[in-house]
$ cat start-v3.txt   # compact mmCIF, C-alpha atoms and all ligand atoms
# COMPACT_ATOMS: atom_id res chain seq x y z
CA MET A 248 148.19 53.28 82.73
CA PRO A 249 146.41 50.17 81.49
CA ARG A 250 142.89 50.81 80.24
CA THR A 251 140.22 50.06 82.80
CA ILE A 252 138.19 46.93 82.28
CA GLN A 253 134.42 47.08 82.55
CA ALA A 254 131.78 44.45 83.08
CA ILE A 255 130.23 42.88 80.00
CA ARG A 256 127.25 44.82 78.64
CA GLY A 257 124.01 43.49 80.10
CA MET A 258 125.80 41.74 82.98
CA ASN A 259 125.33 43.73 86.14
CA ASP A 260 127.14 44.05 89.42
CA ILE A 261 124.81 43.92 92.39
CA LEU A 262 126.26 46.39 94.85
CA PRO A 263 126.14 46.41 98.65
CA ASP A 264 123.78 49.40 98.62
CA GLU A 265 121.06 47.38 96.87
CA ILE A 266 121.76 44.03 98.50
CA HIS A 267 119.15 44.47 101.22
CA LEU A 268 116.43 43.97 98.59
CA TRP A 269 118.06 40.79 97.28
CA GLU A 270 118.55 39.42 100.78
CA PHE A 271 114.96 40.13 101.75
CA PHE A 272 113.79 38.43 98.56
CA GLU A 273 116.06 35.40 99.05
CA GLN A 274 115.03 34.96 102.67
CA THR A 275 111.35 35.24 101.73
CA VAL A 276 111.79 32.66 98.95
CA LEU A 277 113.52 30.26 101.32
CA GLU A 278 110.67 30.39 103.84
CA TRP A 279 108.03 30.29 101.09
CA MET A 280 109.51 27.18 99.49
CA LYS A 281 109.80 25.45 102.86
CA ALA A 282 106.19 26.27 103.65
CA PHE A 283 105.10 24.49 100.45
CA GLY A 284 107.44 21.52 100.91
CA TYR A 285 109.68 22.22 97.89
CA ARG A 286 113.35 21.26 98.15
CA ASN A 287 116.31 23.13 96.73
CA ILE A 288 118.39 21.67 93.91
CA ARG A 289 121.58 23.27 92.54
CA MET A 290 122.77 22.50 89.04
CA PRO A 291 125.95 23.63 87.25
CA ILE A 292 125.83 26.85 85.25
CA VAL A 293 127.38 25.20 82.18
CA GLU A 294 125.79 22.25 80.36
CA GLN A 295 126.21 20.41 77.06
CA THR A 296 124.74 22.62 74.32
CA ASP A 297 122.70 19.69 73.10
CA LEU A 298 120.66 19.63 76.33
CA PHE A 299 119.17 23.04 75.53
CA VAL A 300 118.76 22.40 71.80
CA ARG A 301 116.85 19.21 72.54
CA SER A 302 114.67 20.61 75.30
CA ILE A 303 114.03 24.24 74.40
CA GLY A 304 113.70 23.47 70.69
CA ALA A 305 115.99 24.33 67.77
CA VAL A 306 113.57 26.86 66.24
CA THR A 307 113.25 29.22 69.20
CA ASP A 308 114.68 32.67 69.96
CA ILE A 309 116.79 31.23 72.75
CA VAL A 310 118.48 28.49 70.74
CA GLU A 311 118.65 30.41 67.46
CA LYS A 312 120.12 33.62 68.76
CA GLU A 313 120.44 33.97 72.52
CA MET A 314 122.72 31.20 73.78
CA TYR A 315 126.27 31.73 74.98
CA SER A 316 127.80 28.62 73.48
CA PHE A 317 131.49 27.87 73.14
CA LEU A 318 133.84 25.01 72.46
CA ASP A 319 135.63 23.59 75.46
CA ASN A 320 139.10 23.87 73.94
CA LEU A 321 140.40 20.89 75.87
CA ASN A 322 138.08 18.34 74.32
CA ASP A 323 136.03 20.18 71.69
CA ASP A 324 132.71 19.69 73.52
CA SER A 325 130.11 22.32 72.72
CA LEU A 326 129.06 23.87 76.02
CA THR A 327 126.48 26.55 76.86
CA LEU A 328 125.92 28.92 79.76
CA ARG A 329 122.44 27.95 80.88
CA PRO A 330 119.73 30.24 79.43
CA GLU A 331 117.10 28.76 81.79
CA GLY A 332 116.91 26.12 84.49
CA THR A 333 114.20 23.61 83.58
CA ALA A 334 116.35 21.59 81.17
CA SER A 335 119.23 21.32 83.67
CA CYS A 336 116.85 20.46 86.49
CA VAL A 337 115.23 17.65 84.49
CA ARG A 338 118.67 16.44 83.39
CA ALA A 339 119.81 16.29 87.04
CA VAL A 340 116.63 14.53 88.15
CA LEU A 341 117.12 11.85 85.48
CA GLU A 342 120.84 11.51 86.02
CA HIS A 343 120.32 10.85 89.74
CA ASN A 344 117.16 8.83 89.31
CA LEU A 345 115.21 11.07 91.69
CA LEU A 346 111.85 10.07 90.24
CA TYR A 347 112.53 6.49 91.30
CA THR A 348 111.55 7.43 94.84
CA GLY A 349 108.39 9.23 93.72
CA PRO A 350 107.33 12.64 92.45
CA GLN A 351 109.55 15.60 93.24
CA ARG A 352 108.80 19.16 94.25
CA LEU A 353 111.97 21.14 93.55
CA TYR A 354 113.26 24.69 93.18
CA TYR A 355 116.47 26.40 92.17
CA SER A 356 117.74 29.92 91.83
CA GLY A 357 120.67 31.63 90.20
CA PRO A 358 121.99 33.41 87.16
CA MET A 359 120.85 32.63 83.61
CA PHE A 360 122.51 33.88 80.41
CA ARG A 361 120.92 35.07 77.18
CA HIS A 362 122.52 37.14 74.47
CA GLU A 363 119.70 39.65 74.06
CA ARG A 364 119.71 43.38 73.46
CA PRO A 365 120.17 44.81 76.95
CA GLN A 366 117.46 47.24 78.08
CA LYS A 367 115.57 47.97 81.26
CA GLY A 368 114.37 44.64 82.67
CA ARG A 369 116.24 42.64 80.01
CA TYR A 370 119.80 41.62 80.71
CA ARG A 371 122.39 39.16 79.42
CA GLN A 372 123.00 37.79 82.88
CA PHE A 373 119.81 37.81 84.91
CA HIS A 374 118.49 35.76 87.78
CA GLN A 375 115.61 33.35 88.05
CA VAL A 376 113.92 31.42 90.78
CA GLY A 377 112.50 28.33 89.14
CA VAL A 378 110.08 25.83 90.63
CA GLU A 379 109.44 22.39 89.12
CA ALA A 380 106.98 19.69 90.18
CA LEU A 381 107.89 16.43 88.45
CA GLY A 382 105.79 13.28 88.32
CA TYR A 383 102.38 14.91 88.90
CA VAL A 384 99.65 14.84 86.24
CA GLY A 385 97.72 17.81 87.63
CA PRO A 386 95.63 19.88 87.40
CA ASP A 387 95.91 20.17 91.21
CA ILE A 388 99.67 20.70 91.06
CA ASP A 389 99.26 23.26 88.24
CA ALA A 390 96.93 25.14 90.58
CA GLU A 391 99.33 24.76 93.51
CA LEU A 392 102.14 26.35 91.49
CA ILE A 393 99.95 29.30 90.56
CA ILE A 394 98.55 29.74 94.07
CA MET A 395 102.07 29.59 95.39
CA CYS A 396 103.04 32.56 93.21
CA ALA A 397 100.04 34.54 94.45
CA GLU A 398 101.22 33.90 98.03
CA LEU A 399 104.72 35.08 97.21
CA TRP A 400 103.52 38.35 95.67
CA LYS A 401 101.65 39.04 98.93
CA LYS A 402 104.74 38.34 101.02
CA LEU A 403 106.79 40.65 98.81
CA GLY A 404 104.25 43.48 98.96
CA ILE A 405 103.54 43.21 95.21
CA SER A 406 100.03 44.18 94.21
CA ASP A 407 100.03 45.38 90.62
CA VAL A 408 100.12 41.98 88.97
CA CYS A 409 97.76 40.02 86.72
CA LEU A 410 97.51 36.31 86.06
CA GLU A 411 96.93 35.08 82.51
CA ILE A 412 96.33 31.42 81.87
CA GLY A 413 95.92 29.37 78.73
CA THR A 414 96.25 25.86 77.46
CA LEU A 415 98.22 24.36 74.61
CA GLY A 416 96.31 21.09 74.65
CA SER A 417 97.82 17.72 73.87
CA THR A 418 100.42 16.93 71.24
CA GLU A 419 97.62 15.68 68.97
CA SER A 420 95.43 18.74 69.34
CA ARG A 421 98.43 20.94 68.72
CA ALA A 422 99.15 19.03 65.50
CA LEU A 423 95.59 19.58 64.30
CA HIS A 424 95.75 23.24 65.23
CA ARG A 425 99.13 23.58 63.57
CA GLU A 426 97.67 22.59 60.21
CA ARG A 427 94.82 25.11 60.56
CA LEU A 428 97.23 27.81 61.65
CA ILE A 429 99.63 27.19 58.76
CA GLY A 430 96.68 27.36 56.36
CA TYR A 431 95.60 30.71 57.82
CA LEU A 432 99.11 32.18 57.84
CA GLU A 433 99.73 31.03 54.26
CA ARG A 434 96.66 32.94 53.18
CA HIS A 435 98.29 36.07 54.68
CA ILE A 436 101.88 35.35 53.73
CA GLY A 437 102.43 38.84 52.31
CA ARG A 438 101.97 40.34 55.76
CA LEU A 439 104.36 38.08 57.68
CA ASP A 440 107.79 39.34 58.69
CA ASP A 441 111.01 37.43 57.94
CA ASP A 442 111.08 35.56 61.24
CA ALA A 443 107.47 34.48 60.76
CA CYS A 444 108.06 33.30 57.19
CA ARG A 445 110.99 31.24 58.34
CA ARG A 446 108.95 29.68 61.16
CA LEU A 447 105.80 29.17 59.14
CA HIS A 448 106.41 25.46 58.71
CA SER A 449 108.94 24.72 61.44
CA ASN A 450 107.22 26.41 64.39
CA PRO A 451 104.05 28.30 63.44
CA LEU A 452 102.71 28.52 66.99
CA ARG A 453 105.68 30.66 67.94
CA ILE A 454 104.62 33.24 65.37
CA LEU A 455 101.76 34.12 67.72
CA ASP A 456 104.38 35.13 70.29
CA SER A 457 105.93 37.70 67.93
CA LYS A 458 106.67 41.12 69.41
CA ASN A 459 106.42 42.82 65.98
CA SER A 460 103.52 45.27 66.26
CA GLU A 461 102.93 45.19 62.48
CA MET A 462 101.84 41.59 62.81
CA ARG A 463 99.38 42.25 65.63
CA GLU A 464 96.32 42.23 63.38
CA ILE A 465 97.27 38.96 61.70
CA ILE A 466 97.87 37.38 65.12
CA GLU A 467 94.56 38.68 66.46
CA GLY A 468 92.68 37.00 63.62
CA ALA A 469 94.46 33.64 63.83
CA PRO A 470 92.47 30.46 64.61
CA ARG A 471 92.37 29.75 68.34
CA LEU A 472 93.98 26.68 69.80
CA LEU A 473 91.19 26.64 72.39
CA ASP A 474 88.78 25.72 69.58
CA ASP A 475 90.88 22.70 68.59
CA LEU A 476 91.37 21.30 72.09
CA ASP A 477 90.97 17.60 72.85
CA GLU A 478 88.45 16.65 75.52
CA ASP A 479 90.97 15.65 78.21
CA SER A 480 92.94 18.86 77.88
CA LEU A 481 89.73 20.88 78.02
CA ALA A 482 88.68 19.05 81.22
CA HIS A 483 92.15 19.61 82.70
CA PHE A 484 91.91 23.32 81.90
CA GLU A 485 88.43 23.62 83.37
CA GLN A 486 89.42 21.84 86.58
CA LEU A 487 92.38 24.15 86.96
CA GLN A 488 90.09 27.17 86.60
CA GLY A 489 87.72 25.64 89.17
CA ILE A 490 90.46 25.35 91.81
CA LEU A 491 91.71 28.87 91.14
CA ARG A 492 88.18 30.27 91.47
CA ASP A 493 87.55 28.32 94.68
CA GLN A 494 90.77 29.61 96.14
CA GLY A 495 90.04 33.20 95.20
CA VAL A 496 92.85 33.63 92.66
CA ASP A 497 91.79 36.00 89.88
CA PHE A 498 92.83 35.20 86.33
CA GLU A 499 92.20 36.01 82.73
CA ILE A 500 92.14 33.44 79.99
CA ASN A 501 94.52 34.39 77.21
CA PRO A 502 93.96 32.07 74.23
CA LYS A 503 97.07 33.47 72.55
CA LEU A 504 99.44 32.66 75.36
CA VAL A 505 102.34 30.79 73.81
CA ARG A 506 105.40 30.31 75.89
CA GLY A 507 108.78 31.11 74.39
CA LEU A 508 109.97 27.54 74.81
CA ASP A 509 108.86 24.54 72.80
CA TYR A 510 108.39 22.03 75.55
CA TYR A 511 105.08 23.18 77.02
CA ASN A 512 101.72 21.43 76.69
CA ARG A 513 98.34 21.96 78.38
CA THR A 514 98.58 24.61 81.12
CA VAL A 515 100.57 27.77 80.42
CA PHE A 516 100.52 30.87 82.57
CA GLU A 517 102.14 34.26 82.96
CA TRP A 518 102.10 36.88 85.67
CA THR A 519 102.35 40.32 84.14
CA THR A 520 102.39 43.89 85.36
CA GLY A 521 101.71 47.23 83.72
CA SER A 522 104.19 48.96 86.04
CA LEU A 523 107.44 47.92 84.41
CA GLY A 524 106.99 49.16 80.84
CA ALA A 525 107.72 46.78 77.98
CA GLN A 526 109.30 44.08 80.16
CA GLY A 527 106.07 43.32 82.02
CA THR A 528 106.24 39.54 82.48
CA ILE A 529 107.63 38.77 85.90
CA CYS A 530 106.94 35.04 86.01
CA ALA A 531 105.97 32.40 83.50
CA GLY A 532 105.50 28.69 83.33
CA GLY A 533 103.35 25.74 82.51
CA ARG A 534 103.10 22.02 82.00
CA TYR A 535 105.71 20.10 80.02
CA ASP A 536 104.66 16.46 80.03
CA GLY A 537 106.86 15.51 77.08
CA LEU A 538 110.19 16.91 78.24
CA VAL A 539 111.42 14.12 80.50
CA GLU A 540 111.09 11.57 77.70
CA GLN A 541 112.46 14.03 75.16
CA ILE A 542 115.76 14.20 76.99
CA GLY A 543 116.05 10.49 77.47
CA GLY A 544 114.05 9.58 80.59
CA LYS A 545 111.06 7.38 81.17
CA ALA A 546 108.00 9.52 80.38
CA ALA A 547 106.83 11.57 83.39
CA PRO A 548 104.43 14.50 83.62
CA ALA A 549 105.75 17.79 84.96
CA CYS A 550 104.85 21.40 85.55
CA GLY A 551 106.85 24.44 86.61
CA PHE A 552 107.56 28.13 86.34
CA ALA A 553 110.39 30.63 86.55
CA MET A 554 110.37 34.22 87.70
CA GLY A 555 112.78 36.96 86.69
CA VAL A 556 114.27 38.19 89.96
CA GLU A 557 115.39 41.62 88.65
CA ARG A 558 111.85 42.31 87.41
CA VAL A 559 110.26 41.11 90.66
CA LEU A 560 112.56 43.36 92.69
CA ALA A 561 111.85 46.34 90.42
CA LEU A 562 108.13 45.73 90.91
CA MET A 563 108.54 45.50 94.69
CA VAL A 564 110.16 48.92 94.65
CA LYS A 565 107.43 50.30 92.34
CA CYS A 566 104.78 48.97 94.74
CA GLY A 567 106.43 50.98 97.53
CA GLU A 568 107.65 47.98 99.50
CA GLU A 569 110.28 49.22 101.91
CA VAL A 570 112.98 46.91 103.05
CA SER A 571 115.25 48.12 105.79
CA ARG A 572 118.96 47.89 105.31
CA SER A 573 120.72 45.77 107.85
CA VAL A 574 122.65 47.82 110.37
CA THR A 575 125.65 46.66 112.34
CA ASP A 576 125.08 46.85 116.10
CA VAL A 577 128.48 48.06 117.21
CA TYR A 578 131.74 49.51 115.91
CA VAL A 579 134.62 48.87 118.27
CA ILE A 580 137.35 51.47 118.51
CA HIS A 581 140.49 50.80 120.51
CA GLN A 582 143.91 52.23 121.23
CA GLY A 583 146.80 50.89 123.29
CA LYS A 584 148.43 47.46 123.58
CA ALA A 585 146.16 46.06 126.28
CA ALA A 586 143.16 47.70 124.58
CA ASP A 587 143.90 46.08 121.20
CA ALA A 588 143.98 42.60 122.70
CA PHE A 589 140.84 43.24 124.73
CA ALA A 590 139.07 44.60 121.61
CA TRP A 591 139.59 41.26 119.82
CA LYS A 592 138.17 39.46 122.82
CA THR A 593 135.24 41.88 123.03
CA VAL A 594 134.11 41.44 119.41
CA ARG A 595 134.36 37.66 119.71
CA HIS A 596 132.28 37.72 122.86
CA LEU A 597 129.63 40.00 121.34
CA ARG A 598 129.37 38.06 118.06
CA ASN A 599 128.98 34.79 119.97
CA ALA A 600 126.05 36.41 121.76
CA GLY A 601 124.45 37.33 118.40
CA ILE A 602 125.47 40.98 118.32
CA THR A 603 126.96 42.17 115.03
CA ALA A 604 130.29 43.92 115.48
CA ILE A 605 132.86 45.68 113.31
CA LEU A 606 136.37 45.87 114.74
CA HIS A 607 138.27 49.00 113.74
CA CYS A 608 141.29 47.99 111.67
CA GLY A 609 144.17 50.30 110.87
CA ASP A 610 145.60 53.15 112.89
CA GLY A 611 143.90 56.34 113.95
CA SER A 612 143.35 58.50 116.99
CA PHE A 613 140.15 57.97 118.98
CA LYS A 614 138.72 60.99 117.17
CA VAL A 615 139.44 59.57 113.72
CA GLN A 616 138.16 56.14 114.74
CA MET A 617 134.99 57.68 116.14
CA LYS A 618 134.33 59.31 112.74
CA LYS A 619 134.70 55.90 111.12
CA ALA A 620 132.29 54.43 113.67
CA ASP A 621 129.74 57.08 112.80
CA ALA A 622 130.20 56.64 109.05
CA SER A 623 129.80 52.87 109.36
CA GLY A 624 126.14 53.32 110.27
CA ALA A 625 126.57 51.21 113.42
CA ARG A 626 124.15 51.91 116.23
CA PHE A 627 126.71 52.03 119.02
CA ALA A 628 130.40 52.77 119.32
CA ILE A 629 132.34 50.73 121.82
CA ILE A 630 135.39 52.47 123.10
CA ILE A 631 138.29 50.58 124.61
CA GLY A 632 141.36 52.29 125.97
CA ASP A 633 144.05 50.72 128.13
CA ASP A 634 142.16 52.09 131.20
CA GLU A 635 139.08 50.08 130.31
CA ALA A 636 141.08 47.01 129.26
CA GLN A 637 142.88 46.83 132.58
CA VAL A 638 139.60 46.30 134.42
CA ASP A 639 137.88 44.22 131.68
CA GLU A 640 135.37 46.94 130.87
CA ILE A 641 134.19 48.76 127.75
CA SER A 642 132.47 52.09 127.15
CA ILE A 643 129.30 52.11 125.05
CA LYS A 644 128.16 55.24 123.26
CA PRO A 645 124.91 55.43 121.32
CA LEU A 646 125.45 56.87 117.82
CA ARG A 647 121.90 57.07 116.49
CA GLU A 648 119.89 58.05 119.55
CA ALA A 649 120.26 60.30 122.54
CA GLY A 650 121.89 58.82 125.61
CA ASP A 651 125.01 58.93 127.71
CA GLN A 652 128.15 56.93 127.32
CA VAL A 653 128.21 54.10 129.88
CA ARG A 654 131.03 51.92 131.11
CA VAL A 655 130.22 48.27 131.79
CA GLY A 656 131.68 44.76 131.87
CA LEU A 657 131.19 42.38 128.91
CA THR A 658 128.31 40.41 130.41
CA GLU A 659 126.38 43.53 131.23
CA ALA A 660 127.21 44.95 127.77
CA VAL A 661 125.65 41.94 126.08
CA ASP A 662 122.45 42.24 128.13
CA MET A 663 122.21 45.92 127.43
CA LEU A 664 122.94 45.71 123.70
CA LYS A 665 120.61 42.77 123.19
CA VAL A 666 117.70 44.66 124.64
CA ARG A 667 118.51 47.86 122.81
CA SER A 668 119.55 46.46 119.46
CA ILE A 669 116.46 44.36 118.98
CA ILE A 670 114.11 47.34 119.16
P1 LIG B 701 110.40 37.55 77.43
O1 LIG B 701 109.15 37.32 76.64
O2 LIG B 701 110.35 38.75 78.32
O3 LIG B 701 111.63 37.48 76.58
P2 LIG B 701 110.76 34.78 78.05
O4 LIG B 701 109.51 34.15 77.59
O5 LIG B 701 111.97 34.71 77.20
O6 LIG B 701 110.48 36.32 78.44
P3 LIG B 701 111.13 32.85 80.17
O7 LIG B 701 112.11 32.05 79.42
O8 LIG B 701 109.77 32.35 80.36
O9 LIG B 701 111.10 34.31 79.53
O10 LIG B 701 111.75 33.24 81.59
C1 LIG B 701 110.95 33.46 82.74
C2 LIG B 701 111.11 34.85 83.28
O11 LIG B 701 112.48 35.23 83.35
C3 LIG B 701 110.51 35.93 82.40
O12 LIG B 701 109.13 36.04 82.64
C4 LIG B 701 111.23 37.17 82.87
O13 LIG B 701 110.68 37.66 84.07
C5 LIG B 701 112.61 36.62 83.15
N1 LIG B 701 113.52 36.91 82.03
C6 LIG B 701 113.62 36.25 80.85
N2 LIG B 701 114.58 36.78 80.09
C7 LIG B 701 115.13 37.79 80.81
C8 LIG B 701 116.20 38.72 80.59
N3 LIG B 701 116.93 38.69 79.48
N4 LIG B 701 116.48 39.63 81.56
C9 LIG B 701 115.76 39.67 82.71
N5 LIG B 701 114.75 38.82 82.99
C10 LIG B 701 114.44 37.89 82.05
MG MG B 702 112.91 36.00 75.83
$ encode --input "start-v3.txt" --output "structure tokens" --more "lines below"
Ligand code: ATP
Ligand code: MG
Amino acid sequence: MPRTIQAIRGMNDILPDEIHLWEFFEQTVLEWMKAFGYRNIRMPIVEQTDLFVRSIGAVTDIVEKEMYSFLDNLNDDSLTLRPEGTASCVRAVLEHNLLYTGPQRLYYSGPMFRHERPQKGRYRQFHQVGVEALGYVGPDIDAELIIMCAELWKKLGISDVCLEIGTLGSTESRALHRERLIGYLERHIGRLDDDACRRLHSNPLRILDSKNSEMREIIEGAPRLLDDLDEDSLAHFEQLQGILRDQGVDFEINPKLVRGLDYYNRTVFEWTTGSLGAQGTICAGGRYDGLVEQIGGKAAPACGFAMGVERVLALMVKCGEEVSRSVTDVYVIHQGKAADAFAWKTVRHLRNAGITAILHCGDGSFKVQMKKADASGARFAIIIGDDEAQVDEISIKPLREAGDQVRVGLTEAVDMLKVRSII
């Protein structure tokens, strides 16, 4: 026997028994995005490697060690499975000149790929919903994006979640801060780990994002970017806080908040929870005014965020949110030549009327078919023998509640099932 083939480590199947959660989430996201006037955009899963190197930054975890890159063996192009969506979204917006008609409120969802060590809440294929507002200077749109998240958590029944906000200032204030930070880190060089030493001059701000607990003390004592902020960025940050306070959104200021990607400036934010162990960030984002120009467009301000769907779903479950599984209304069992033909007609008729119906396929006595009907979880069995078929009638038997079997015509069946299946 050939050896069985398994899925790639860290890339999960999502099985029918858990799909109700995903469908509830997807439906909620669809309505939520419509309510805020954001439109869906769908980009390819594979892009030129260079797009991510240029946008995410060469000296980042993602580009240095997490990307699934490969050569297209037909033309030697270096391609990459997208590790995140912002770069692709901005690329698509530029390629199709969408900003020409004005600012854009957009969202996307789908799988992302990062070669990380798989663990709970951290996978190699995971899903994100990403939201991007392009062409707005903020801080009103920054606030809208954050408020929007707060609304979604409510709709999903998520309560145990905290908002942290910070600011990275302007390019100039970051440059000033960078020098101070390098000076500080150089004075403590003996206590930096290998990654930090390597990044000391190429990307010192990222050292503050290190997950190495031995460096915690050094990071705690580092100079704060907040103290080096330029006036405009400070005003932007204060206005953002003002809107959030007015709108009753609680937050904490985290001066050490550095996003994992290079392209952010000014506003950065993260939604975190204590309920999911080490992988506690469910959603993260911020402003990236330089990115559009960086990948070849005419400069345009922008702000966005992405949430990790697996983590959001895990948190929904932790918060006790119950989502009912969808149940098929009827399972149609049939036997006999006239009955078979009438069964096809019956399911078509019922489905057209909005009733969900499974048609029994394969052989089997009425008894065997009835067992299948029961196992299917359907609420009613519909029984069609040649007797019934001859007079265009069906028998309906409730499977999940008390009640007698009744024999009715199709029109009456629809009326009856509609009333009873909606309850
Ligand atoms: P982390 O610090 O957890 O590695 P990140 O900063 O790399 O996160 P982002 O690039 O900001 O993450 O992605 C946004 C969100 O996507 C994260 O907050 C998280 O919820 C989710 N996410 C990121 N990487 C993974 C992964 N490997 N598996 C599952 N979810 C992920
Ligand atoms: Mg990461």
$ closest_residue --input "start-v3.txt" --among "A:Ala531, A:Val515, A:Val570, A:Ala628" --to "Trp269 (chain A)" --atoms "all atoms listed in the file"
A:Val570
$ residues_near_ligand --input "start-v3.txt" --ligand "ligand MG 702 (chain B)" --cutoff "12 Å" --atoms "all atoms listed in the file" --output "PyMOL selection string"
chain A and resi 303+307-314+330-331+359-365+368-371+373+453+456-458+505-508+526-531+555
$ closest_residue --input "start-v3.txt" --among "A:Arg572, A:Lys614, A:Lys619, A:Arg446" --to "Leu268 (chain A)" --atoms "all atoms listed in the file"
A:Arg572
$ closest_residue --input "start-v3.txt" --among "A:Met395, A:Asp633, A:Ser420, A:Val539" --to "Asn344 (chain A)" --atoms "all atoms listed in the file"
A:Val539
$ closest_residue --input "start-v3.txt" --among "A:Phe272, A:Trp591, A:Tyr347, A:Tyr355" --to "Gly382 (chain A)" --atoms "only C-alpha atoms"
A:Tyr347
$ residues_near_point --input "start-v3.txt" --point "(127.7, 22.3, 77.1)" --cutoff "8 Å" --atoms "all atoms listed in the file" --output "number ranges by chain"
A: 293-298, 316-317, 324-328
$ closest_residue --input "start-v3.txt" --among "A:Ile490, A:Ile454, A:Ala553, A:Leu353" --to "Cys396 (chain A)" --atoms "only C-alpha atoms"
A:Ala553
$ closest_residue --input "start-v3.txt" --among "A:Cys444, A:Leu321, A:Arg558, A:Asn512" --to "Lys367 (chain A)" --atoms "only C-alpha atoms"
A:Arg558
$ atom_distance --input "start-v3.txt" --atom1 "CA of Lys401 (chain A)" --atom2 "atom C1 of ligand LIG 701 (chain B)"
19.5 Å
$ residues_around --input "start-v3.txt" --residues "His596 (chain A)" --least-positions-apart "6" --cutoff "9 Å" --atoms "all atoms listed in the file" --output "JSON, numbers by chain"
{"A": [602, 657, 658, 661]}
$ atom_distance --input "start-v3.txt" --atom1 "CA of His267 (chain A)" --atom2 "CA of Met563 (chain A)"
12.5 Å
$ atom_distance --input "start-v3.txt" --atom1 "CA of Gly624 (chain A)" --atom2 "CA of Met663 (chain A)"
19.1 Å
$ residues_around --input "start-v3.txt" --residues "region 278-285 of chain A" --least-positions-apart "6" --cutoff "12 Å" --atoms "all atoms listed in the file" --output "number ranges by chain"
A: 271-272, 350-356, 376-381, 388, 391-392, 394-403, 551
$ residues_near_point --input "start-v3.txt" --point "(118.4, 14.4, 88.3)" --cutoff "12 Å" --atoms "all atoms listed in the file" --output "MDAnalysis selection string"
chainID A and resid 288:291 333:348 350:351 353 381 539 542:544
$ axis_aligned_box --input "start-v3.txt" --around "ligand LIG 701 (chain B)" --padding-each-side "8 Å" --output "AutoDock Vina command-line options"
--center_x 113.0 --center_y 35.9 --center_z 80.3 --size_x 23.8 --size_y 23.6 --size_z 23.5
$ residues_around --input "start-v3.txt" --residues "region 426-428 of chain A" --least-positions-apart "6" --cutoff "12 Å" --atoms "all atoms listed in the file" --output "PyMOL selection string"
chain A and resi 419-420+434-436+446-455+465-466+468-472+474-475
$ decode --input "start-v3.txt" --residues "region 437-476 of chain A" --atoms "C-alpha atoms" --output "PDB file, in the first residue's frame"
ATOM      1  CA  GLY A 437      27.036  42.675  26.007  1.00  0.00           C
ATOM      2  CA  ARG A 438      23.427  41.939  26.905  1.00  0.00           C
ATOM      3  CA  LEU A 439      21.989  41.834  23.378  1.00  0.00           C
ATOM      4  CA  ASP A 440      21.196  38.507  21.730  1.00  0.00           C
ATOM      5  CA  ASP A 441      22.445  37.574  18.242  1.00  0.00           C
ATOM      6  CA  ASP A 442      19.362  38.842  16.427  1.00  0.00           C
ATOM      7  CA  ALA A 443      19.592  42.158  18.252  1.00  0.00           C
ATOM      8  CA  CYS A 444      23.302  42.579  17.511  1.00  0.00           C
ATOM      9  CA  ARG A 445      22.652  41.947  13.856  1.00  0.00           C
ATOM     10  CA  ARG A 446      19.812  44.493  13.792  1.00  0.00           C
ATOM     11  CA  LEU A 447      21.550  47.085  15.914  1.00  0.00           C
ATOM     12  CA  HIS A 448      22.392  49.279  12.942  1.00  0.00           C
ATOM     13  CA  SER A 449      20.013  47.995  10.279  1.00  0.00           C
ATOM     14  CA  ASN A 450      16.754  48.026  12.255  1.00  0.00           C
ATOM     15  CA  PRO A 451      17.205  48.941  15.934  1.00  0.00           C
ATOM     16  CA  LEU A 452      13.528  49.732  16.532  1.00  0.00           C
ATOM     17  CA  ARG A 453      12.673  46.117  15.824  1.00  0.00           C
ATOM     18  CA  ILE A 454      14.868  45.050  18.741  1.00  0.00           C
ATOM     19  CA  LEU A 455      12.171  46.456  21.025  1.00  0.00           C
ATOM     20  CA  ASP A 456       9.785  43.884  19.549  1.00  0.00           C
ATOM     21  CA  SER A 457      12.023  40.973  20.605  1.00  0.00           C
ATOM     22  CA  LYS A 458      10.304  38.037  22.285  1.00  0.00           C
ATOM     23  CA  ASN A 459      13.512  37.019  24.123  1.00  0.00           C
ATOM     24  CA  SER A 460      12.702  37.349  27.833  1.00  0.00           C
ATOM     25  CA  GLU A 461      16.398  37.825  28.711  1.00  0.00           C
ATOM     26  CA  MET A 462      16.314  41.139  26.898  1.00  0.00           C
ATOM     27  CA  ARG A 463      13.220  42.415  28.685  1.00  0.00           C
ATOM     28  CA  GLU A 464      15.146  44.600  31.122  1.00  0.00           C
ATOM     29  CA  ILE A 465      17.217  46.240  28.394  1.00  0.00           C
ATOM     30  CA  ILE A 466      14.047  46.920  26.398  1.00  0.00           C
ATOM     31  CA  GLU A 467      12.266  48.349  29.434  1.00  0.00           C
ATOM     32  CA  GLY A 468      15.060  50.865  29.957  1.00  0.00           C
ATOM     33  CA  ALA A 469      15.357  51.976  26.327  1.00  0.00           C
ATOM     34  CA  PRO A 470      14.692  55.626  25.367  1.00  0.00           C
ATOM     35  CA  ARG A 471      11.057  56.197  24.428  1.00  0.00           C
ATOM     36  CA  LEU A 472      10.068  57.213  20.944  1.00  0.00           C
ATOM     37  CA  LEU A 473       7.235  59.220  22.507  1.00  0.00           C
ATOM     38  CA  ASP A 474       9.866  61.578  23.932  1.00  0.00           C
ATOM     39  CA  ASP A 475      11.353  62.222  20.478  1.00  0.00           C
ATOM     40  CA  LEU A 476       8.071  62.857  18.667  1.00  0.00           C
TER      41      LEU A 476
END
